[in-house]
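Enquirer: Provided below: work-v4.txt, containing compact mmCIF, C-alpha atoms and all ligand atoms.
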```txt
# COMPACT_ATOMS: atom_id res chain seq x y z
CA MET A 1314 87.86 70.47 109.84
CA LYS A 1315 91.64 70.08 110.08
CA ALA A 1316 93.49 72.14 112.70
CA ILE A 1317 96.74 72.34 114.64
CA THR A 1318 95.94 71.83 118.30
CA PHE A 1319 97.92 72.18 121.51
CA GLN A 1320 98.29 68.88 123.41
CA GLU A 1321 101.11 69.48 125.86
CA ILE A 1322 104.40 71.35 125.95
CA GLU A 1323 106.30 70.72 122.70
CA PHE A 1324 103.52 68.44 121.49
CA LEU A 1325 101.00 69.64 118.91
CA GLU A 1326 98.68 67.64 116.73
CA TYR A 1327 97.35 68.12 113.19
CA GLU A 1328 93.91 66.60 113.63
CA ASP A 1329 90.18 66.70 112.90
CA VAL A 1330 88.21 68.97 115.22
CA PRO A 1331 84.57 70.14 115.06
CA ASP A 1332 83.87 73.07 112.72
CA PRO A 1333 83.23 76.34 114.58
CA HIS A 1334 79.69 77.72 114.47
CA LEU A 1335 78.06 81.09 115.15
CA VAL A 1336 77.55 81.61 118.90
CA GLU A 1337 76.63 85.30 119.20
CA PRO A 1338 74.72 87.34 116.58
CA THR A 1339 77.82 89.59 116.28
CA ASP A 1340 80.02 86.62 115.18
CA VAL A 1341 81.19 85.60 111.75
CA ILE A 1342 82.89 82.41 110.60
CA VAL A 1343 85.94 82.87 108.40
CA ARG A 1344 87.41 80.30 106.04
CA VAL A 1345 91.15 80.76 106.70
CA THR A 1346 93.30 81.14 103.59
CA VAL A 1347 96.57 82.14 105.33
CA ALA A 1348 97.48 81.61 109.00
CA GLY A 1349 100.66 82.96 110.58
CA LEU A 1350 103.09 81.10 112.79
CA CYS A 1351 104.28 83.73 115.22
CA GLY A 1352 107.09 84.00 117.76
CA SER A 1353 104.45 84.33 120.45
CA ASP A 1354 102.91 80.96 119.46
CA LEU A 1355 106.16 79.54 120.82
CA HIS A 1356 105.44 80.76 124.36
CA PRO A 1357 102.72 78.17 125.04
CA TYR A 1358 104.41 75.63 122.74
CA LEU A 1359 107.66 75.75 124.73
CA GLY A 1360 105.89 76.17 128.07
CA ASN A 1361 107.03 79.73 128.76
CA GLU A 1362 103.37 80.69 129.16
CA ARG A 1363 101.15 78.14 130.89
CA GLY A 1364 97.46 77.51 131.23
CA ILE A 1365 96.42 76.80 127.63
CA GLU A 1366 94.14 73.75 127.46
CA ALA A 1367 94.81 70.57 125.51
CA GLY A 1368 92.77 70.67 122.31
CA THR A 1369 92.99 74.43 121.82
CA VAL A 1370 93.43 75.36 118.16
CA MET A 1371 96.69 77.35 117.91
CA GLY A 1372 97.39 80.60 116.12
CA HIS A 1373 96.27 84.23 116.19
CA GLU A 1374 97.22 85.63 112.79
CA PHE A 1375 94.99 85.08 109.78
CA VAL A 1376 93.44 86.26 106.57
CA GLY A 1377 90.41 84.60 105.05
CA SER A 1378 86.97 84.88 103.52
CA ILE A 1379 83.76 85.21 105.47
CA VAL A 1380 81.48 82.20 105.02
CA GLU A 1381 78.80 82.71 107.72
CA VAL A 1382 77.45 85.96 109.15
CA GLY A 1383 75.64 86.54 112.46
CA SER A 1384 72.30 88.35 112.33
CA ALA A 1385 73.64 91.49 114.08
CA VAL A 1386 76.68 91.95 111.82
CA ARG A 1387 76.26 95.13 109.76
CA ASP A 1388 79.53 95.83 107.95
CA PHE A 1389 80.47 92.46 106.46
CA ALA A 1390 78.93 89.89 104.18
CA ALA A 1391 79.75 86.37 103.03
CA GLY A 1392 82.64 86.43 100.58
CA ASP A 1393 84.42 89.45 102.09
CA ARG A 1394 88.18 89.02 102.35
CA VAL A 1395 89.27 90.05 105.84
CA VAL A 1396 92.23 90.24 108.19
CA ALA A 1397 91.97 90.13 112.00
CA PRO A 1398 94.10 91.51 114.80
CA PHE A 1399 95.38 88.89 117.24
CA THR A 1400 92.76 89.86 119.81
CA THR A 1401 89.06 90.56 119.30
CA ASN A 1402 87.58 93.86 120.47
CA CYS A 1403 84.06 95.14 121.03
CA GLY A 1404 84.50 98.63 119.60
CA ALA A 1405 82.40 100.25 122.33
CA CYS A 1406 84.20 100.07 125.70
CA PHE A 1407 86.53 102.66 127.26
CA TYR A 1408 89.67 100.95 125.91
CA CYS A 1409 88.31 100.41 122.40
CA LEU A 1410 87.22 104.05 122.19
CA SER A 1411 90.58 105.30 123.44
CA GLY A 1412 92.60 103.18 120.98
CA LEU A 1413 93.92 100.56 123.43
CA THR A 1414 92.00 97.83 121.62
CA ALA A 1415 94.23 95.01 122.91
CA ARG A 1416 92.82 95.69 126.40
CA CYS A 1417 89.16 95.67 125.35
CA GLU A 1418 86.97 94.83 128.36
CA ARG A 1419 85.36 92.04 126.31
CA GLY A 1420 88.34 91.17 124.15
CA GLN A 1421 89.81 87.69 123.71
CA LEU A 1422 93.09 86.39 122.34
CA PHE A 1423 92.75 84.00 119.41
CA GLY A 1424 94.24 80.59 120.17
CA TRP A 1425 93.95 80.62 123.94
CA ILE A 1426 91.44 78.53 125.91
CA GLU A 1427 91.96 78.22 129.65
CA ASN A 1428 89.57 76.75 132.25
CA GLY A 1429 87.00 76.20 129.51
CA ARG A 1430 86.96 79.87 128.45
CA GLY A 1431 88.53 81.59 125.50
CA LEU A 1432 88.77 81.41 121.77
CA HIS A 1433 90.14 78.86 119.37
CA GLY A 1434 92.87 79.99 117.02
CA ALA A 1435 93.29 80.25 113.28
CA GLN A 1436 95.77 77.51 112.35
CA ALA A 1437 92.74 75.70 111.02
CA GLU A 1438 90.37 75.67 108.07
CA PHE A 1439 87.80 77.88 109.84
CA VAL A 1440 87.77 80.30 112.77
CA ARG A 1441 84.96 82.00 114.71
CA VAL A 1442 85.38 85.78 115.05
CA PRO A 1443 83.37 87.52 117.82
CA PHE A 1444 82.46 91.23 117.47
CA ALA A 1445 83.18 90.96 113.76
CA ASP A 1446 82.25 94.56 112.91
CA ALA A 1447 84.72 96.00 115.42
CA THR A 1448 87.44 93.36 115.03
CA LEU A 1449 87.84 92.68 111.31
CA VAL A 1450 89.32 94.84 108.56
CA ARG A 1451 88.90 94.33 104.80
CA VAL A 1452 92.02 93.31 102.89
CA PRO A 1453 92.81 95.95 100.25
CA GLU A 1454 92.29 94.80 96.67
CA GLY A 1455 95.41 93.25 95.14
CA LEU A 1456 97.45 92.99 98.36
CA ASP A 1457 99.25 89.66 98.96
CA GLU A 1458 97.25 87.94 101.72
CA ALA A 1459 100.39 86.83 103.54
CA VAL A 1460 101.57 90.45 103.67
CA ALA A 1461 98.13 91.68 104.78
CA LEU A 1462 98.25 89.12 107.60
CA LEU A 1463 101.26 90.92 109.08
CA ALA A 1464 99.13 94.02 109.70
CA GLY A 1465 97.15 92.03 112.29
CA ASP A 1466 100.17 91.55 114.49
CA ILE A 1467 103.83 92.15 113.78
CA LEU A 1468 103.61 95.14 111.43
CA SER A 1469 101.30 96.94 113.86
CA THR A 1470 103.50 95.87 116.79
CA ALA A 1471 106.50 97.42 115.07
CA THR A 1472 104.65 100.70 114.57
CA TYR A 1473 103.46 100.62 118.17
CA GLY A 1474 107.08 100.19 119.28
CA ALA A 1475 108.03 103.32 117.34
CA ASP A 1476 105.14 105.19 118.97
CA LEU A 1477 106.02 103.98 122.48
CA ALA A 1478 109.60 105.11 121.90
CA GLY A 1479 108.33 108.49 120.66
CA VAL A 1480 110.22 108.20 117.38
CA GLY A 1481 110.01 111.45 115.44
CA GLU A 1482 111.60 113.56 112.71
CA GLY A 1483 115.40 113.57 112.79
CA ASP A 1484 115.79 110.96 115.53
CA VAL A 1485 118.57 108.42 115.70
CA VAL A 1486 116.89 105.15 116.68
CA VAL A 1487 118.28 101.85 117.93
CA VAL A 1488 116.30 98.71 117.16
CA VAL A 1489 117.32 95.83 119.45
CA GLY A 1490 116.55 92.45 117.83
CA CYS A 1491 116.23 91.89 114.08
CA GLY A 1492 113.48 89.29 113.99
CA PRO A 1493 110.44 90.18 111.88
CA VAL A 1494 109.15 92.74 114.41
CA GLY A 1495 112.53 94.44 114.66
CA LEU A 1496 112.91 94.58 110.88
CA LEU A 1497 109.48 96.17 110.52
CA ALA A 1498 110.33 98.58 113.36
CA ILE A 1499 113.17 99.85 111.17
CA ARG A 1500 110.60 100.70 108.45
CA ALA A 1501 108.20 102.20 110.98
CA SER A 1502 110.96 104.44 112.37
CA LEU A 1503 112.00 105.64 108.92
CA GLU A 1504 108.30 106.29 108.10
CA ARG A 1505 108.23 108.60 111.12
CA GLY A 1506 111.21 110.56 109.82
CA ALA A 1507 114.06 108.96 111.75
CA LYS A 1508 117.42 110.21 110.46
CA ALA A 1509 119.18 106.91 111.09
CA VAL A 1510 118.35 103.50 112.55
CA VAL A 1511 120.99 101.25 114.10
CA ALA A 1512 119.87 97.61 114.06
CA VAL A 1513 121.37 95.38 116.75
CA ASP A 1514 121.50 91.60 116.61
CA ARG A 1515 124.13 88.87 116.90
CA ILE A 1516 123.12 86.85 113.81
CA ALA A 1517 124.89 88.09 110.67
CA SER A 1518 122.14 86.96 108.26
CA ARG A 1519 119.53 88.94 110.18
CA LEU A 1520 121.76 92.01 110.18
CA ALA A 1521 122.16 91.69 106.41
CA VAL A 1522 118.37 91.81 106.03
CA ALA A 1523 118.20 94.76 108.44
CA GLU A 1524 120.49 96.64 106.08
CA THR A 1525 118.05 96.08 103.19
CA PHE A 1526 115.33 97.55 105.42
CA GLY A 1527 117.39 100.75 105.69
CA ALA A 1528 119.30 100.30 108.96
CA ALA A 1529 122.98 100.49 109.84
CA PRO A 1530 123.74 96.97 111.17
CA ALA A 1531 125.65 96.52 114.43
CA ASN A 1532 126.67 93.11 115.73
CA PHE A 1533 126.18 92.65 119.45
CA ASP A 1534 129.14 90.24 119.64
CA THR A 1535 131.71 91.91 117.44
CA ASP A 1536 130.96 95.65 117.19
CA GLU A 1537 131.41 98.29 119.89
CA LEU A 1538 127.73 99.28 119.92
CA VAL A 1539 128.25 102.38 122.03
CA ASP A 1540 130.85 103.68 119.59
CA VAL A 1541 128.59 103.02 116.58
CA VAL A 1542 125.71 104.98 118.12
CA ARG A 1543 127.90 107.77 119.48
CA GLY A 1544 129.42 108.16 116.04
CA LEU A 1545 125.97 109.03 114.66
CA THR A 1546 124.94 111.35 117.50
CA GLU A 1547 127.89 113.67 118.22
CA GLY A 1548 128.79 111.41 121.12
CA ARG A 1549 125.42 111.66 122.88
CA GLY A 1550 123.65 108.33 122.32
CA ALA A 1551 120.41 107.48 120.55
CA ASP A 1552 117.19 109.46 120.97
CA ALA A 1553 115.01 106.37 121.07
CA ALA A 1554 115.28 102.59 121.24
CA ILE A 1555 112.77 99.94 120.19
CA GLU A 1556 113.32 96.71 122.10
CA ALA A 1557 111.90 93.76 120.15
CA VAL A 1558 113.35 90.77 122.01
CA GLY A 1559 111.80 90.59 125.47
CA THR A 1560 114.80 89.80 127.68
CA PRO A 1561 116.56 91.74 130.47
CA SER A 1562 119.72 91.84 128.39
CA ALA A 1563 117.85 93.44 125.47
CA THR A 1564 116.50 96.07 127.86
CA ARG A 1565 120.06 96.74 129.07
CA THR A 1566 121.35 97.05 125.52
CA ALA A 1567 118.63 99.57 124.68
CA ALA A 1568 119.28 101.61 127.82
CA ASN A 1569 123.06 101.59 127.37
CA LEU A 1570 122.76 103.12 123.91
CA LEU A 1571 120.43 106.03 124.79
CA ARG A 1572 121.30 109.67 125.42
CA PHE A 1573 120.03 111.57 128.48
CA GLY A 1574 116.28 111.87 128.02
CA GLY A 1575 116.20 108.84 125.73
CA ARG A 1576 113.07 106.72 125.36
CA ILE A 1577 112.61 102.94 125.23
CA GLY A 1578 109.59 101.41 123.51
CA ALA A 1579 109.42 97.74 124.52
CA VAL A 1580 107.38 95.39 122.35
CA GLY A 1581 109.28 92.20 123.15
CA VAL A 1582 107.12 89.91 125.29
CA HIS A 1583 108.59 90.02 128.81
CA SER A 1584 107.90 87.61 131.63
CA GLU A 1585 110.57 88.54 134.19
CA ALA A 1586 109.58 90.05 137.55
CA HIS A 1587 111.81 93.14 137.52
CA LEU A 1588 112.84 95.79 135.03
CA ALA A 1589 116.51 95.68 134.10
CA LEU A 1590 116.72 99.44 134.79
CA SER A 1591 116.82 100.94 138.26
CA PRO A 1592 114.69 103.91 139.30
CA GLY A 1593 117.99 105.61 140.09
CA GLU A 1594 119.23 105.16 136.53
CA ILE A 1595 115.95 106.41 135.11
CA TYR A 1596 116.19 109.51 137.33
CA ASP A 1597 119.86 110.16 136.73
CA ARG A 1598 119.55 109.80 132.95
CA ASN A 1599 115.97 111.12 132.48
CA LEU A 1600 114.98 107.92 130.69
CA SER A 1601 111.45 106.90 129.71
CA TYR A 1602 110.26 103.31 129.42
CA ALA A 1603 106.96 102.17 127.93
CA GLY A 1604 105.85 98.75 126.82
CA GLY A 1605 102.96 96.41 126.31
CA ARG A 1606 100.79 94.35 124.01
CA CYS A 1607 100.06 96.18 120.77
CA PRO A 1608 96.51 97.44 120.20
CA ALA A 1609 96.78 95.99 116.71
CA ARG A 1610 93.23 96.77 115.59
CA HIS A 1611 93.85 100.47 116.22
CA TYR A 1612 96.94 100.41 114.00
CA MET A 1613 95.66 98.15 111.23
CA PRO A 1614 94.40 100.74 108.72
CA ALA A 1615 97.78 102.49 108.79
CA SER A 1616 99.63 99.16 108.77
CA LEU A 1617 97.72 97.96 105.70
CA ALA A 1618 98.59 101.20 103.91
CA LEU A 1619 102.26 100.71 104.80
CA ALA A 1620 102.04 97.06 103.72
CA ALA A 1621 100.74 98.16 100.32
CA ARG A 1622 103.48 100.79 99.89
CA ASP A 1623 106.30 98.45 100.93
CA GLU A 1624 104.73 95.18 99.76
CA LYS A 1625 107.76 93.75 97.98
CA LEU A 1626 110.21 94.47 100.80
CA ILE A 1627 107.82 93.19 103.47
CA ALA A 1628 106.97 90.06 101.48
CA GLY A 1629 110.68 89.24 101.66
CA LEU A 1630 110.22 88.56 105.39
CA ILE A 1631 108.04 85.57 104.62
CA SER A 1632 110.48 82.69 104.34
CA HIS A 1633 108.03 79.77 104.25
CA ARG A 1634 104.54 79.29 102.80
CA LEU A 1635 103.57 75.74 103.81
CA PRO A 1636 100.44 73.60 103.78
CA LEU A 1637 98.64 73.50 107.14
CA ALA A 1638 99.40 69.77 107.26
CA ASP A 1639 103.12 70.64 107.59
CA GLY A 1640 102.43 73.02 110.48
CA VAL A 1641 103.49 70.74 113.34
CA ASP A 1642 106.91 70.18 111.73
CA ALA A 1643 107.12 73.91 111.04
CA TYR A 1644 106.82 74.63 114.78
CA VAL A 1645 109.82 72.34 115.42
CA SER A 1646 112.03 74.09 112.85
CA PHE A 1647 110.81 77.56 113.84
CA ALA A 1648 111.35 76.91 117.57
CA ALA A 1649 114.86 75.62 116.85
CA ARG A 1650 115.56 78.90 115.00
CA GLU A 1651 116.89 76.92 112.06
CA ALA A 1652 118.74 79.10 109.56
CA GLY A 1653 116.41 80.87 107.15
CA TRP A 1654 113.22 80.28 109.18
CA ASN A 1655 111.97 83.83 109.42
CA LYS A 1656 108.22 84.41 109.01
CA VAL A 1657 106.20 81.26 108.39
CA VAL A 1658 102.66 81.18 107.02
CA LEU A 1659 100.43 78.13 106.75
CA LEU A 1660 97.94 77.57 103.95
CA PRO A 1661 94.87 75.54 105.03
ZN ZN B 1701 101.64 86.95 116.39
ZN ZN B 1702 86.06 97.00 123.81
```
Could you render the structure as structure tokens?
Ligand SMILES: [Zn+2]
Ligand SMILES: [Zn+2]
Expert:
Amino acid sequence: MKAITFQEIEFLEYEDVPDPHLVEPTDVIVRVTVAGLCGSDLHPYLGNERGIEAGTVMGHEFVGSIVEVGSAVRDFAAGDRVVAPFTTNCGACFYCLSGLTARCERGQLFGWIENGRGLHGAQAEFVRVPFADATLVRVPEGLDEAVALLAGDILSTATYGADLAGVGEGDVVVVVGCGPVGLLAIRASLERGAKAVVAVDRIASRLAVAETFGAAPANFDTDELVDVVRGLTEGRGADAAIEAVGTPSATRTAANLLRFGGRIGAVGVHSEAHLALSPGEIYDRNLSYAGGRCPARHYMPASLALAARDEKLIAGLISHRLPLADGVDAYVSFAAREAGWNKVVLLP
């Protein structure tokens, strides 16, 4: 089959690789119809995360049809249209049962093979899915597959951010970073009854889209962010902030805009050694900070329902639908943050 494989930093290949086959009786093989290109695919691509082996098939977001079914699979059959979260999960361990599916004791990340262990990704014609019954979710009838794909990662991540930040009825929320996750976090916050959402970014075109998602845009470079937020909160600061960038400066921006007792939900992927908040600041301002990898499988039923309700708006995030053969070039444009490259999906 054709696949996009990792070779070395900033070097991918579109090449022929062996078709995947059933390994465990709980596996299925899925023929991929849509595969996402995600901001977190750029971490290994650009070398910010190391250890991925040459030859690993990239990608962790996909929708497709089941073509082969292991003998122990109960809930799915050949022909079913399914969407996967970006990690597999067993459905039976402590973390699966408590909803933290991304930390399943037997879970694996799609598109990551290291020291000979791991799972190939989905930027390919076919992908093997372990623990299919617990991992996969059926795509609702009539839903655009590229929109359904978002439930497996970024739409669920956005909702998780709102949960980590404790967003509730009447809150004023700051969303730091208006990439696809930040934009969806605006929707997730409004779904939870937020009174207002201030969207922070420095790119005007992103802020314009944030406005269509229901936020008040605030430009990091040209607006006095503190004044904007204080103006909406009788001078106090925001109740909650969702940080969707993953840098110390984004953490600082979120913290600076919160009231006493404010809460940060961090879903940006961080790799720095220290939190950009001091214990003293947390104590003096009664701040809360929570972050981590989204347990996407836990959120997917709700995310698919939201995707169906807001399908047209959410579909607007998808800027490029390209053949898989154009995937290597798509990484280059996406990594360079070329204007208009928002969410990219590849069609094998
Ligand atoms: Zn992703
Ligand atoms: Zn588990």
Enquirer: Rounded to one decimal place, report the CA of Gly1581 in chain A-CA of Glu1556 in chain A distance in Å.
Expert: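 For CA of Gly1581 in chain A relative to CA of Glu1556 in chain A, the distance reads 6.1 Å.
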Enquirer: Quick one: of A:Val1396, A:Val1345, A:Ile1467, A:Ala1649, who's nearest to Met1314 in chain A, counting all atoms listed in the file?
Expert: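 The answer is A:Val1345, which sits nearest to Met1314 in chain A.
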Enquirer: How would you report the residues lying within 6 Å of ligand ZN 1701 (chain B), as a compact mmCIF listing (two decimals) with C-alpha atoms, in the coordinates of the input, if you count all atoms listed in the file?
Expert:
```txt
# COMPACT_ATOMS: atom_id res chain seq x y z
CA CYS A 1351 104.28 83.73 115.22
CA SER A 1353 104.45 84.33 120.45
CA GLU A 1374 97.22 85.63 112.79
CA ASP A 1466 100.17 91.55 114.49
```
Enquirer: 10 Å from ligand ZN 1702 (chain B) is the threshold here; counting only C-alpha atoms and all ligand atoms, which polymer residues fall inside it? Answer as a ChimeraX atom specification.
Expert: /A:1401-1420,1444,1447-1448
Enquirer: Pick the closest to Thr1400 in chain A from A:Leu1335, A:Val1442, A:Leu1497, A:Leu1635: which is it, counting all atoms listed in the file?
Expert: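 Counting all atoms listed in the file, the residue closest to Thr1400 in chain A is A:Val1442.
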Enquirer: Can you measure CA of Leu1462 in chain A to CA of Ala1348 in chain A for me? One decimal in Å is fine.
Expert: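 CA of Ala1348 in chain A lies at a distance of 7.7 Å from CA of Leu1462 in chain A.
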Enquirer: When distances are computed from all atoms listed in the file, which of A:Asp1457, A:Ala1648, A:Asp1552, A:Leu1590 shows the smallest separation from Lys1625 in chain A?
Expert: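 Among the listed residues, A:Asp1457 lies closest to Lys1625 in chain A.
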Enquirer: So how many Å separate CA of Thr1535 in chain A and CA of Ala1579 in chain A, to one decimal?
Expert: 24.1 Å
Enquirer: May I ask which of the residues A:Val1480, A:Ala1523, A:Ala1621, A:Leu1660 is the closest one to Ile1577 in chain A, counting only C-alpha atoms?
Expert: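 Of A:Val1480, A:Ala1523, A:Ala1621, A:Leu1660, the one nearest Ile1577 in chain A, counting only C-alpha atoms, is A:Val1480.
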Enquirer: Pick the closest to Val1582 in chain A from A:Asp1476, A:Glu1594, A:Glu1362, A:Asp1484: which is it, counting all atoms listed in the file?
Expert: A:Glu1362
Enquirer: Which of these residues is nearest to Gly1527 in chain A, using all atoms listed in the file: A:Leu1626, A:Gly1377, A:Ala1478, A:Arg1565?
Expert: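 That would be A:Leu1626, the residue with the smallest distance to Gly1527 in chain A.
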Enquirer: Any idea what's packed within 7 Å of Leu1468 in chain A, counting only C-alpha atoms, ignoring anything in its chain fewer than 4 positions away? Could you give it as a PyMOL selection string?
Expert: chain A and resi 1463-1464+1472+1494+1497+1616
Enquirer: Please provide as a ChimeraX atom specification all residues within 12 Å of Ser1584 in chain A, with the sequence filter that same-chain residues fewer than 2 positions apart are discarded (counting all atoms listed in the file).
Expert: /A:1356,1361-1363,1558-1561,1581-1582,1586-1588,1605
Enquirer: Find the residues around range 1380-1395 of chain A up to 10 Å (all atoms listed in the file counted), leave out those fewer than 4 positions away in its own chain, and share them as a PyMOL selection string.
Expert: chain A and resi 1334-1346+1375-1376+1439+1441-1454+1458+1461-1462
Enquirer: Please identify all polymer residues within 10 Å of Asp1329 in chain A, counting all atoms listed in the file, omitting same-chain residues fewer than 6 positions from it, and present them as number ranges by chain.
Expert: A: 1314-1318, 1437
